[in-house]
Every structure is written in structure tokens, then in C-alpha cells.
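Below: one structure, written as C-alpha cells.
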Amino acid sequence: MTALAQYAILLGLTLGAVGFVFSLYALARAIGRSREEPGKDVPATAGTLSRDPVWVRYHAKYYGYALLFLAFDMEMAFMYPWAVVYREEGLVALLDMGVFLAILFLGLLYGWSQGALRRQE
Amino acid sequence: MTVLVVLLALAAGAYLIAILESWAVHGRLEPARPAISALALLGRESVLARTPDRLFFEAGPILLLVAGLLAAAVIPLAPGLIVTDLATGALFLNAALAYVLVALIMAGWGPNGAYGMIGGWRFLGQFIAYAMLIVMPITAVAMRAESLSTVTIVQSQAALWNIAYQPLGFVLFVVAAMGLAWLPPLDLPTAPGDLAGGVEAEYTGVRLAVLRLARMVLILALAGATVTFYLGGWLGPWLPAPVWSALKILIVAGLMVSAGRLVPRVREARYLELSWKLGIPLALANIFIVGVIALVVPI
Amino acid sequence: MTIQMFFLAFFGGAAVWFGIVVFRTHSMVRSALALLFSQTAVGLMFLAMQAEFLGVLQIMMMATEMSVMAIFMVMFMMDPGGMGAMEMTHQKRLSLWAGGLGVVAALAAIWLANWGPAVAEVPSAAEQTADLGRELLGRSMFIFQSAGLTILTAMVAATMVAIAPQKERPE
Amino acid sequence: MIGARSGALTGLRRLVANALARDLRGFVVPGMDVAWANGLDLAGTGLHLATTPRHASVLVIIGPLPAGLADAASVAHAQMPRPRAILALEAGDLAPLPAADATGALTQAGLVAALADLRRTIANGAFGSGAREYSAPALETRIEYTCPMHPEVVSDQPGNCPKCGMTLVPRETAAPLSHAGHAMPDMSDGVTAETPPDPVAATHQHGAHHPSGDTKTMVEDTHAGHGHDHAKQTDASAQYTCPMHPEVTSDQPGSCRKCGMFLVPVEDKDAHAGHGHTQTDHSALGSHSDHSAHGGHSGHGAHGGAEVAGIEAHFMSMVDLTRDMPASADGLKMEWIDVPFGPFFPGLPGGLELELTLDGDAVAAAKAESGVSAVNLLREAATSPEAFIDQLAALSPLSPVAYRELACRALEQAAGQNPASDTASARAAAVERERIASHLNWLAGFGTQSGLHWLERRAAGLQLELRHADARGIAALTPRTTALLRRLHRTPLLHDKLNGNGKHADGDALSGPVARAAGSTSDARSDNPVYGALGFGVLTGTGGDARARLTQRTGEIAQSLGLIARAGQIAMPEVQNIGSVSGKGEAIVETPRGAAQLRLTLTGGKVTQAEISTPTAALVALIGAMARGRELGDAMTAIGSLDISPWELTA
């Protein structure tokens, strides 16, 4: 099976899943429509009516990790092709990636020492 | 034809995992329970929040189901029994699983509810913890198999399963997989204790049914991935190939669903800290060890 | 071949349309995820052009990094939910000019550069990945390691900018 | 069925109705702890428990619905998707809620019978014509328009904000509180003229306010004095300045000469911080309009202001925008949102209305109220001793025996009787049995909160068997109890999760396991001769954090088991005939949550005056300091570890 045929199958799988979900929604709508009632559409907060919208500037405390993650994610892009040809290339590949990983591990250690790897209280 | 067989196997597996999970939660083995609750969910109203981001609210469950299905599409159940044997299968699995995060951010942000929003952004923090620990073990597996194709990876374990070859990678991958499917003790986005349902809170009726189905498919795909990478896929003596992979996948899924309930919910800051300060150095060490073994030992 | 062209055009159109949505929407999270899906459409274009490794890598990397961008946008941009429907664009003239010049430069590069003969037989996906690996370890080992150093400087710079040094932290 | 869905009960709908009948998801009001305390094993009956009204199909009401929770129950009922039903166990009249679909006695048998006929009702009535729209006073809404950047700009019709020109966003708020009894004592509904008189911007009035509950005691530790006491101190010499250009000041309102912005009054900074008011100025859209501080609120260059190099006039730089907002610990100025973790939150005691001001997922401020606090102790002027004892026991459904013992001792002291030593030790054993049951109830709640289902199931099951067992039964249950406690302490990562969580300074008003876990040796049982005979020694821990409290409570369970074994037999406390005697009585009993003290006067055999002090007020006062600055999960664990009984928080 050619690669394009496989992509077609995957695209078909995706569209099939979306179609399945919409048919499920249609079945549920056939069973009954939901009735508008006061207070029903307010997001549930354990018995208290909190009407105010909550789309505010969320204070995430993990931005120290997030910045280092972005750099490590880039590193992963190089790891896969290297991993595939690793056994064929032998020691050169090991040393090469050793240097690459060591450089990046330095970045991690630096972040660690500067306190990036903690919940920024 | 094989696509149909795999999809049926997927549906049956998702049902069995639903039984395992309700057994783990309620302590009673009720085979009919998932069917009844699915039918009941179909019968309940599907309420829409007041000022939602309607696109996100609808797209969340659907994207989660598509991510789970595409991840399961590259899992080989037998030598010929796979939806698509991509040459970069392992990478494609990883790409599909990345959209679980996008789906949960949408599901959390969509309904404009406090618990959901906090759950969504908390899962992003959890993603940053487990993301590296999924990618690096897969790299070590690909190093040994010299290919990213999942079928080749399974065939490369003919002599020795990867769980024996690289046990450290196995442990890291399983813990990261439990984090990815937010199974307890890493159920931070829907923490019943401090977010009362979190991301799932605003979904009712048929949308909740789709969300729960998507999660079952996701758990099945992750169990399949663990079996493919570390437990030798369909390889095994005596029994035919599909029986082996089905057995292994169900055992791994059962363990993933129930083993975590013995430990209290892990705090997000603690999980991030453990992953980055302990997990990533171990994963790099795992890559280095596998690198050395792969050069020295011919199998 | 024509199916490939169709899908290439379709995904290209999707990428451009999502790109436009990035600027037209008021909600920050929608804008971030529109950019994410625009990049995914570009990844799908790679797949349509039978560059499997690049396509799948693009789809994976962009999903995670745009989500991380989404949280930073929500943290630092005002009214991230877009409830107030404010006009967030600024320096319109400047950016329109920059966009126009960019398109012209891209088109010029496409048509004027000499890409060499179109390869008759596209290597299979597995070979592409292996060739990329050999390339990294062979001719462009230098680029590979300098990329490592660039990533290191990115890490150090990001940490220095974002994390308050120990003594200034209000305990 | 009132909560039915419209539509005829045809083939598919009949199948779905049967599935709905067999898949009941209960949302328990006021809380699981009350259900366990009343001896109900909900999970055992096949009823799944939902953590949010959205995932529930049955509203299970345990015991009489307190007035403070009526609004909250109507909100929870309104937020349940149809088909929904109400199961009431001796709940009396459910004023704002529709009539119950199934009722039963407050016993396990009553529950099972009620569930059986509820399943039949749903199977037949899930789809039908009986459906009627449900509304309640707490749900009515009024549309008002506000500017996301200036919540104090509120108007009744759409338009755009005078300050920054943004289109006003519609927002629903509670309808003006028509019903009587407004909770805020110093409700100054006087119109405060903070914002300059402007036709569009209606003046700042006390708009959205907590719609729920009006007989609540407001225990605020961080929002001292609420937002509107600013109004009282607008002194004559108020200075006006422009938010964007602080150097521009003038004595009377007007517009800034540099950017044309309206000038806002400036209170001097120290007066602002003086009255300990943590400035919760969450400016943008997330704030309740009732207490957003507005001093020196930074607006921005409004229409056609000075042209900053290259940036159009109305560009809002975030630096100016967040100039006066409270910065979090890491210096970032983010918006805070008030999120209620309301009366029916899984893992927290039922009826405790917790409201956290969240900065991301960290708690910036915490405020706790009780929706179920006893209104007044002595209903009619003179009550007979027996009626008084029952009244006091009903005060706290979580520990009725302890309060019954308290009333009996006070009455006996007033009447000058003292019981025989063996009945005294039997009554002490009854209090100890309830202490074990109460601590197991808390452990089950802790299991729900931290995701340990096995702990929740086994602790709740053990508690149900143990609550009414006699001395021999308890001796038989002792091995299972100690096995559960041992396994709890061997749970991996548990101590790592609890360590250093919820630390508090040792307050003097504190008593009970929370104080003893912090090292105090105060225990009302230590100077009681009956306990001395049973060989009682005060158990104290060290650390004063959530882990020390867990260890303290499990230690007290083991200790109480030993006391009961030595006491031999258990008898419920009651009082022989008092006769028409007069006198003053005072007693103190160590309830599972701390020392409760009762003073009463007896005139002619009737109780005419009684005054009680419970340990819960001191515990609730700890919440603010303990939760501030902590991550949401930690704050919940810390608040849960206090084991607060909102019932005992008397007005």
C-alpha cells in the first residue's frame, strides 16, 4: 500500500469518527431536545450560582518549566532521525548525540540552578 | 477489511476497559454497566453553557476521539492486522497523542466555567511534565529497532522484549502514559476532590458520552502502544498472534486503570518537579544505556 | 497526481484561512489554536507531498508548542476571552506593508531559485528518515551541533529573562 | 414526573428510560458526611454518586433541608440535566424545590425502598407530559451591561464605556433582592458618587450580591468590611488625578488636560491599606461588581489622547493597565476570580460555603460561611429537659451523642445529681464510640477528596457498622479498624502529599484534634474522673500540619477503641426525672472536633436560659491564613483536614 493510500485511510478514519459523533448527536436530538430553564446554563459550581465569566488572565505557575520544555521539544526533532540510523552509524552517532545531549543537559542544569524548575510562587 | 477488524477490536476493547474501570472504582464487576450508562447518557439532556466558546465546546470531545483513534491506527495487533503501517508509526502515534492536550484545553476553556478552565490549564502543566517522558523512551525503542515503523519495532523484539532490554524506559513510558490519559493518581484535569469534575464538569448527555468513549479509546491506544514498544506486540509462544496482543493490551490497560488508585492524587507542582528533576535525567540515561547495549549486543 | 494537487491546494487554503482567523478573532485562545491548526494544515501539506517525516514532525511539534504559546497569550494579553470585542490590532499600515513584502519575497524565491530537476521517484518514507539521519551525522554535523548550541542559548536566555534571581524573590 | 423530558414514551425512549432507571446518579444534599452520619450506605444501594449536579440525575436530600441551603439546593436542582428526580428522606417541605418524586424514612431500609419506587417512576415517567419548567427566586436574573475593563461602570442598556470606549458586555446578575432579610448588616444602599456624575455610567450601586442564603453568619477574615465602606470615608479634601498621568492633579472632578480622561478621586495610599483591607481589585471582567476597589483605577488614553510614538491613541499598554493591581508572589499582576466551592462540594463538609479568590490555581484569599448554622438554641422560652436534650442533639447531626452528653451533664449539675459511676463510664464509652465514628467519617471524606476510593469505601462501611454497635460488636470490629489505619499509614506518597500542608500557629482559642496535633495538651476529658478511671492520657502530636492531624485522628481512634474495651458497656446518655428544681449548670465535653461548653439555668424543672460555645468558630478562623498563597489542591486538603462541622457554627 503506497504512503498516500495510508494517508487517505487515516483521513477517512478521521472523517468517519466525526461522522459517527454527529450521527450520535442526531440520535440524541431525536430522543429529545434540551429545555431552556433559568439558571440551568450557568456553569455549575457546587450549588452556588456564579454568573461571572471566568475568561481572565490565568496565572500559570509552571512557566519556568514551559520555557525549558520548548527548547527540549526542539531537541526531540533531531533525536528521531538520529535514532533510526543509530545502529548503522555506530560509535560516531553515540558520541555525536552524546555531545548534543550534554549541551542540552547543561541548559537544563542551568535552569535548575536558577530556580526555573519549581512552581513560581 | 483489516481496518474494519481493527475498529471492531477497538470497540470491544474500549467496552472491556470501561468494565475494568467501573470495577476499579466501585469494586463490583458489572459487565452490563457501561452499556446502561452509555444509553442513559444518550437519554439525558446535553446542556450548553451560557456564554461558551461554542466551537471549542463542540470540538473538544470530537478532537479527543479523533486523537485516540489515530493513535490506535498505528498499533499492530498481528503481522498483517494494522490500520496503517506508516514508516514513521511511532512518531505518528506521538503526534496524535499531542492533540489530547489541545482537546482538553478546548474542553476546559469552552464552557467559560471556573472548574473547567482551571482543569484545562492544569492539564497543560501536566502535559509539560509527561511530554518529554513519552518522546525519549520512544527514541530509545526506535534506536534498537532501527526504524519508526511499529511493525518493525515489534519484530525487533523477537529475541528479547524491550521490557527486559530497557526496563527504565518501560517504567517512564507507563507513568507518562498514565499522565497523558489523566488516570488516577494523575487525574488533575478532572480531579473530583478539588475541581468537582473539572474539564468534564460542563459536559452532559451525549457530549459526555463522546468524551468518555474518547477517553476509553485513548487508554486502549496507550495500552496498545506500551505493548507494541515494550511487551513484544503480538509475539508469544503457543497462542495465535491477535490473542496475544489482545491479552497483553487488556492486562496493561487493566493495570493502568486500577494500579493508580492505591496512591493519593499527586500535586501538579510535585509531578512537574519529579518529571523534570528525576524523569528526564533517567530518560537521557536510558537513551545512553540503550545506545551502548545496541552497539555491543547484536540482538 | 491530480488528487495530490487537490489536497495540496485544499490544505494550503486551510492554512491561509486559519492564518487569517488568527488576526480576525478577538479571543486569544482562539487565535493561538487557529495558528496551531494553520501549522497542522501545513503539516498535512507535507504529507500530501509525500514528505512523511517532516509532515508528522510538523503536526506534532506545532500542536505542543502552540498550546504552550496559548497559555502565555492568556497570561499576558488583556481580556483573553475576547468578551469585550476590542480592536486588538495596531500599526496596521506598517504590518500590511510588511505582509505584502513578505509575500512578494516568497514568490520571488519560489520562481527565481533553481531547484534542480524534479526527482523522478520519491524515496519511501523510511528512506527519507534514514537519509535525514545520515545527513545529520554526515555532512551537516556542524549544523546539527550549532543547532544544539542555539537551543542552549535559548534556554539560558529564557531562564534569565523569565525567572527572578534568588535574591530578588519576595519570599 | 416534574423533571421529565417532553416526548412520548415510544420504543427507543422506553429503552432509554429503563437505562436511566437502572443508572441513577445521585447528588447528595447537604453532603455525604451527613448521609454516613445518619447510617446510610448510598454506594451499597447501586446508586452512583456524582460530584457535580451536571452529572447527576437524582437530587438526594438527607434529613430536613436547612433554610440556609434552600437556595443552594434550588440552584443545584436547576443545573441538573433532565430527566431529573428528587429523592427526599424525611426532608419535610422543600420550599423552593418541586415536590419530591420519592420519599422514605431516614434509614437504609427507607432509602432502598425509596430508590426502588424511584426507579419505577423514572422508568415510566422519564419521558412524558408531566414536565414543568422549574424556576426559583435564587435563579431570577437581570441583564446589566458593564465594561470588561471598568466593572464599576454599570448601565442597564447597551452602549460603550465612557472611560475607554469599549462596547459594554451584557452580564446577568441576581434580580434585585426582593425577599426580606438582607444579610449585610451595614448595607449602605446610599448611592456612592465615586465615579464622576455621568449620564451613561450609572453610579456604583450594590449590584450583584451573593443571592444565596440570608440567615448566614458572615465570617470574613480577609475581606474586612467589604468593598463599600470606602463610601463612608470620602473626606472633603479628596484629590482628583488622571490614571494615565498621575502628575496631573486637581481639586474638583473634570478631564485631564493631557489625555482628556475623566479624573478619578485618589484616596491616600496609607488610609487605603490602613484598615487591613486586602485590595482585591480584580479589575477586568472576572470581578463581582460589589467589592471591586476603585481607588486610582488605571484607565487608558481615551479617544484622541496624546499620540504615543507610532502607537494609535487607544492602544492600552498592559503596564499602565495593571499598575495598581495586586501583584502575586512572583510579581506578576494577574486577574483574580472569586470561585465558590459551594455548600455541596465533594470532600468538603456538606453545608460549608467556601469562596476562594483564585489567582490562577493559587488561592489569594479564602472566605468560609456556613449555610446550615443553627439559628437559635432555645426555641421557646422554657423547654422540658428531655426536649432540650433532643434539641441540642439535633444541633449537630455529625456528633449528636456528644451534645446529648453535654446537655445531660449540665442538667445533672444544675439539678445537683451525679450519676452512678458505671452509667457515667457507659455514657463516656458512647461518646468515645461516636468519636471513632466521626473520625472514620472524616477519613472517608478525606478519601473522596484525595482520590483514595478504597479508603472512602472501607472507612464509610466501617463507620456504618460501628456507629450503633455495642461493646462486643466494637471489640469484633477492632481488628478491621486497626488494619485499615495501618494500611492508611503505609499508603505511598500520602505523607509526601500532606507534609507541611495547612500549618497554623497554635491559637489559644483552639481545641480538639487540630490543637492537639500542633502540640497543645488541652483535652476536656483529662480532668474528668470517669476517664481517669478508664486510664485516659492526653494524646498530642507535633507539626500542626495536615499530616499531624491525620496521625492525631487515627491515634485517637485507636485510643477510643481501648477506652471502650475497658469501659465494657455502652449506654446512651439520658437524664432521670429532674423534678422541679432550680439552679445553674455548666458542663464541658470533648466533642470529636473540640471542647464544647454549655451553661444553662434551670428554673422549676424547665430550662429557661442556655448558652453554648462550640469549637468550630476557631477552626473556621484558621481557613483564611491557612489557604492563602497555597495551590488549590493543597488548600482543599488543608481545609478538609480541619474537619469543620458547619452545623455547629452558631449564629
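Here, A, B, ... name the chains of the C-alpha cells in the order displayed, residue numbers run from 1 inside each chain, and ligands are numbered from 1 in the same displayed order.
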
Find the residues in chain A near chain C: any atom within 8 Å counts, using only C-alpha atoms. Write them as a count of residues only.
42

Test item: chain A residues at most 9 Å from chain D, counting only C-alpha atoms, as a ChimeraX atom specification:
/A:31-61,120-121

May I ask you to extract the residues of chain B within 6 Å of chain D, using only C-alpha atoms, and to give them as a ChimeraX atom specification?
/B:36-37,39-40,43-45,193-194,196,264-265

Using only C-alpha atoms, which of A:Tyr86, A:Phe20, A:Ala26, A:Leu95 sits nearest chain B?
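Once distances to chain B are computed over only C-alpha atoms, the minimum belongs to A:Tyr86.
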
What residues in segment 58-264 of chain B get the DSSP label alpha helix (DSSP H)? Please answer as a PyMOL selection string.
chain B and resi 58-73+89-109+114-145+150-155+162-165+167-180+205-230+241-259

With only C-alpha atoms considered, list every residue of chain B at most 6 Å from chain A, as an NGL selection string.
:B and (42 or 45 or 49-50 or 66 or 84 or 112-114 or 142-143 or 146-147 or 269)

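When atom CA of Leu462 of chain D is paired with atom CA of Asn441 of chain D, their separation reads 9.2 Å.
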